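Data block below; observations after.
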Amino acid sequence: MNTMDLTTKLDRVADVVARTLRNHGVTEAFGMPGGEVVTLIDGLVTAGIHFHLARHETAAAIMAAGASVISGRPQLLVTTVGPGLANAVNGIADAAQEHVPLIVISGIVDRPTRARYTHQVIDHAQMLRPLVKASFEIEPESAASTIARALAIACTHPMGPVHLDLSPASAAMASGNQKAIAPPTVLHPRISTSDPAIEALRNRIHRAERPIIIAGFEAARSGVETELSALAEKIGAPVITTYKAKGLISEDHPLALGGAGLSPRADAMLLPLINDADLVLAIGYDPIEMRLGWLDFVNDTEKLVEITSTPADHAMHHPATRIIADIRSYLGALNETLSTRNTWANAEPQRLRAELASAFATPDAWGPHAIVDVLQAQAGADAIVTVDSGAHRILLSQKWIAKRPLTLLQSAGFCTMAAALPLAIGVAAVAPGKRVFAVMGDGGLEMGIGELATLRDLGLPITIVLFQDESLALIALKQASAQLASEGVKLGKTDFAAVAQGFGGNGINVETRHELRDALAATTARDGFSLICCRFDARAYDGAF
């Protein structure tokens with residue numbers, strides 16, 4: 001579709017909406033159709049936006065999130081009236097806490113009927129008020145402007161979802177003289193090395209003998225891996241990331257200490273190092289990605305400097321200095337003013353790196369540790385892995401060696417279950433040719449098992465690596481640590497290989513390293529999706545993290 005097609009006079013309001021979305025980089029829409037949104041969907045497809053049919057609206061929202069993170073652009077969730085939008089609440093909440101610029105368009109009953117008609121009618125805006133940055137109804141006379149405003153709000157840091165209602169009559173109405181709106185060209189002036197904010201931090205770094213860096217998802221999405229690695233190397237600062245920022249510095253780098261915030265064992269080793277530091281640089285870091293142990297993670301807030309494009313809404317720590325700037329530009333200018341220094345004379349970060357590797361070393365020939373090892377060896381550095389909430393997520397996120405940012409995706413702010421598969425679908429939709437793996441537990445897959453049909457119908461070659469321990473293992477561990485009886489956590493033994501085959505995929509059960517290695521290797525020669533069910537005893541998690 002050429003530029004002229006996107007800016008010529010349009011026939012319907014739905015076309016104005018769709019082409020304005022397309023002009024702003026929206027290429028994918030996910031959802032469930034209903035009578036109230038059929039005209040909108042027709043407009044989306046006409047404008048070149050792919051509509052992907054999901055089996056549940058929350059899954060559709062998370063698919064859009066996966067597509068957004070990988071593409072770097074906002075993406076779209078479409079729901080029908082009432083129960084359709086209500087079904088999506090979990091996914092919209094996930095987008096809010098994960099800072100995803102999700103555009104949500106829901107169908108709504110036509111205005112002349114709405115005041116006296118109650119069937120499926122609820123106040124959409126009121127229901128979503130705590131979860132979205134804004135909510136509007138698209139009116140025929142201002143449709144393009146409303147969409148452009150919604151996109152601007154969604155993409156303004158901190159990014160998040162914006163909701164729009166659209167009635168069938170409005171969608172089908174003639175657009176008149178409206179034209180689709182394109183986004184403005186945005187210029188980001190480079191920060192000068194003489195800026196006082198550069199000089200102030202340069203002086204603090206020059207005085208520091210034990211600097212450390214903590215980096216988060218905002219930094220990962222800002223594309224600062226080169227600048228951050230250069231900063232760490234110049235000042236000899238070990239780097240801790242949140243799990244969502246893993247790979248921001250390649251985790252085979254000697255200064256990389258991996259992800260933090262989920263494993264009590266890892267946190268108990270990392271937090272003393274932070275308290276021993278005399279300068280802590282929190283770069284693109286939002287503590288929503290961490291847990292309670294990180295409420296006040298420094299013993300002296302005077303040594304904490306936060307570098308962010310937008311301050312996060314929290315009271316989990318209180319930096320003495322906050323630098324608000326484009327992170328990439330700021331780090332680039334800062335690096336130009338720094339010379340290489342030797343710090344951490346006691347080599348404590350290097351010793352800790354070795355201790356962390358030892359603490360999470362694989363203890364058995366088969367079990368969750370071994371599954372992670374085999375997947376790491378077989379996936380390749382270019383693969384994108386999504387992982388669901390649960391005990392397997394804590395272990396994988398700790399053991400996984402990410403060499404690039406945004407290659408291990410998860411719900412870290414909201415931690416919703418059943419996120420890995422829809423995240424993987426969203427990723428595969430915008431990154432054809434990439435190897436994509438969804439790592440899940442049996443409880444998470446059973447919660448969202450209908451999306452196997454979405455995989456089949458979209459023809460996506462995703463590989464699901466399933467940890468089947470017949471338990472909600474993380475909750476069972478928490479019950480045990482509180483000396484409580486194990487209740488409500490036992491799962492039956494589903495034959496997931498047969499289920500996958502029933503959905504038109506490839507399914508196999510494995511119980512050894514060799515079987516898993518062969519099964520992973522075989523997926524590259526198969527069409528469609530594959531599900532590899534790894535069976536082991538839940539007791540293998542005891543003392544794991």
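Here, A, B, ... name the chains of the structure tokens in the order displayed, residue numbers run from 1 inside each chain, and ligands are numbered from 1 in the same displayed order.
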
Given only C-alpha atoms, how would the per-residue table for stretch 330-402 of chain A near stretch 463-476 of chain A read, listing every residue at most 12 Å away with its closest atom pair and distance in Å to one decimal, sorted by chain and number, as CSV?
residue,atom,partner,partner_atom,distance
A:Trp366,CA,A:Phe467,CA,11.8
A:Gly367,CA,A:Phe467,CA,9.0
A:Pro368,CA,A:Phe467,CA,7.3
A:His369,CA,A:Phe467,CA,10.8
A:Ala370,CA,A:Phe467,CA,11.3
A:Ile371,CA,A:Phe467,CA,8.4
A:Val372,CA,A:Val465,CA,9.7
A:Val374,CA,A:Val465,CA,11.0
A:Leu375,CA,A:Val465,CA,8.5
A:Gln376,CA,A:Val465,CA,11.8
A:Gln378,CA,A:Thr463,CA,11.9
A:Ala379,CA,A:Thr463,CA,10.1
A:Ala383,CA,A:Thr463,CA,11.0
A:Ile384,CA,A:Thr463,CA,10.7
A:Val385,CA,A:Thr463,CA,9.6
A:Thr386,CA,A:Ile464,CA,9.5
A:Val387,CA,A:Val465,CA,9.5
A:Asp388,CA,A:Leu466,CA,10.1
A:Ser389,CA,A:Leu474,CA,9.1
A:Gly390,CA,A:Leu474,CA,5.6
A:Ala391,CA,A:Leu474,CA,4.7
A:His392,CA,A:Phe467,CA,7.1
A:Arg393,CA,A:Leu474,CA,9.6
A:Ile394,CA,A:Leu474,CA,9.1
A:Leu395,CA,A:Leu474,CA,10.8
A:Leu396,CA,A:Phe467,CA,11.0

How would the residues just picked look written out with C-alpha atoms as a short mmCIF file (atom, residue, chain, number, x, y, z; two decimals), in the first residue's frame?
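File produced: again_33.cif:
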data_model
loop_
_atom_site.label_atom_id
_atom_site.label_comp_id
_atom_site.auth_asym_id
_atom_site.auth_seq_id
_atom_site.Cartn_x
_atom_site.Cartn_y
_atom_site.Cartn_z
CA TRP A 366 16.86 -34.70 34.77
CA GLY A 367 14.54 -32.08 36.18
CA PRO A 368 13.80 -28.39 35.75
CA HIS A 369 17.48 -27.34 35.84
CA ALA A 370 18.38 -29.85 33.13
CA ILE A 371 15.46 -28.74 30.96
CA VAL A 372 16.75 -25.15 31.03
CA VAL A 374 19.13 -28.32 27.15
CA LEU A 375 16.86 -25.55 25.89
CA GLN A 376 19.68 -23.01 26.25
CA GLN A 378 19.42 -25.89 21.48
CA ALA A 379 17.59 -22.56 21.13
CA ALA A 383 15.82 -17.13 19.60
CA ILE A 384 13.12 -15.31 21.53
CA VAL A 385 11.85 -17.09 24.63
CA THR A 386 8.70 -16.23 26.54
CA VAL A 387 8.14 -17.66 30.00
CA ASP A 388 5.04 -17.97 32.14
CA SER A 389 4.62 -17.26 35.85
CA GLY A 390 5.50 -20.07 38.21
CA ALA A 391 8.44 -21.91 39.76
CA HIS A 392 9.87 -22.72 36.33
CA ARG A 393 10.00 -18.99 35.54
CA ILE A 394 12.12 -18.17 38.58
CA LEU A 395 14.57 -20.95 37.76
CA LEU A 396 14.77 -20.27 34.04
#

task: Pick out the closest residue to A:Asn335 from this set: A:Thr242, A:Ile198, A:Met290, A:Pro432. Count only C-alpha atoms.
output: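 Closest to A:Asn335, using only C-alpha atoms: A:Ile198.
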
query: What's the 8 Å shell around stretch 123-131 of chain A, counting only C-alpha atoms, without same-chain residues fewer than 5 positions away, as a PyMOL selection string?
result: chain A and resi 82+85+89+92-93+96+136+161+163+165

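Distances here use only C-alpha atoms; by that measure, the residue among A:Ile462, A:Gln501, A:Glu137, A:Gly448 closest to A:Leu520 is A:Ile462.
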
query: Just asking: which residues within stretch 416-486 of chain A are alpha helix (DSSP H) according to DSSP, as a ChimeraX atom specification?
result: /A:420-430,442-447,451-458,473-481

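Nearest to A:Arg322 of all the residues A:Ala197, A:Leu262, A:Ala431, A:Cys415 is A:Ala197, based on only C-alpha atoms.
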
Using 6 Å as the limit and counting only C-alpha atoms, can you tabulate each residue of stretch 277-389 of chain A that touches stretch 207-216 of chain A, with its shortest atom-to-atom distance in Å and the two atoms involved, as a tab-separated table?
residue	atom	partner	partner_atom	distance
A:Ala277	CA	A:Arg210	CA	4.8
A:Asp278	CA	A:Arg210	CA	5.3
A:Leu279	CA	A:Pro211	CA	4.6
A:Val280	CA	A:Ile212	CA	5.0
A:Leu281	CA	A:Ile213	CA	4.8
A:Ala282	CA	A:Ile214	CA	4.8
A:Ile283	CA	A:Ala215	CA	4.7
A:Gly284	CA	A:Gly216	CA	5.1
A:Tyr285	CA	A:Gly216	CA	4.0
A:Thr343	CA	A:Glu209	CA	5.1
A:Trp344	CA	A:Arg210	CA	5.0

task: Write out as a ChimeraX atom specification which residues come within 10 Å of stretch 182-189 of chain A when counting only C-alpha atoms, dropping same-chain ones fewer than 5 positions away.
output: /A:6-7,19-25,144,148-149,151-152,326,329

With C-alpha atoms kept, could you save the residues just selected as a PDB file, in the first residue's frame?
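Contents of the output file selection03.pdb:
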ATOM      1  CA  LEU A   6      -3.222   6.167   3.195  1.00  0.00           C
ATOM      2  CA  THR A   7      -4.057   9.843   2.763  1.00  0.00           C
ATOM      3  CA  ARG A  19      -5.670   4.152   8.366  1.00  0.00           C
ATOM      4  CA  THR A  20      -4.775   6.555  11.125  1.00  0.00           C
ATOM      5  CA  LEU A  21      -3.719   3.541  13.192  1.00  0.00           C
ATOM      6  CA  ARG A  22      -1.713   2.215  10.250  1.00  0.00           C
ATOM      7  CA  ASN A  23      -0.037   5.576   9.701  1.00  0.00           C
ATOM      8  CA  HIS A  24       1.174   5.443  13.312  1.00  0.00           C
ATOM      9  CA  GLY A  25       2.792   2.038  12.848  1.00  0.00           C
ATOM     10  CA  ALA A 144      -8.996  10.614  13.117  1.00  0.00           C
ATOM     11  CA  ALA A 148      -4.159  10.253  16.949  1.00  0.00           C
ATOM     12  CA  ARG A 149      -4.638  11.587  20.473  1.00  0.00           C
ATOM     13  CA  LEU A 151      -1.868   6.937  20.230  1.00  0.00           C
ATOM     14  CA  ALA A 152       0.042   9.947  21.529  1.00  0.00           C
ATOM     15  CA  ASP A 326      16.643  10.447  26.932  1.00  0.00           C
ATOM     16  CA  SER A 329      21.585  10.240  24.483  1.00  0.00           C
TER      17      SER A 329
END

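With distances restricted to only C-alpha atoms, A:Val430 is the closest residue to A:Ala29 from A:Thr310, A:Ile138, A:Val430, A:Gln483.
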
- request: Write out as a VMD selection string the residues lying within 9 Å of stretch 248-257 of chain A, counting only C-alpha atoms and excluding same-chain residues fewer than 6 positions away.
  value: chain A and resid 215 to 217 219 to 220 223 to 226 228 to 229 232 to 233 236 to 241 270 349 to 350 352 to 353 356 400 to 406

- prompt: When distances are computed from only C-alpha atoms, which of A:Phe496, A:Phe503, A:Phe536, A:Phe51 shows the smallest separation from A:Met32?
  reply: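 Smallest separation from A:Met32 among the options: A:Phe51.
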
- prompt: Which value, in Å to one decimal, gives the distance between atom CA of A:Ala86 and atom CA of A:Thr156?
  reply: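 Value for the atom CA of A:Ala86-atom CA of A:Thr156 distance: 25.4 Å.
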
message: I need the residues of stretch 367-445 of chain A that end up classed as strand (DSSP E) by DSSP on the backbone, written out as a ChimeraX atom specification.
response: /A:384-387,408-409,436-441
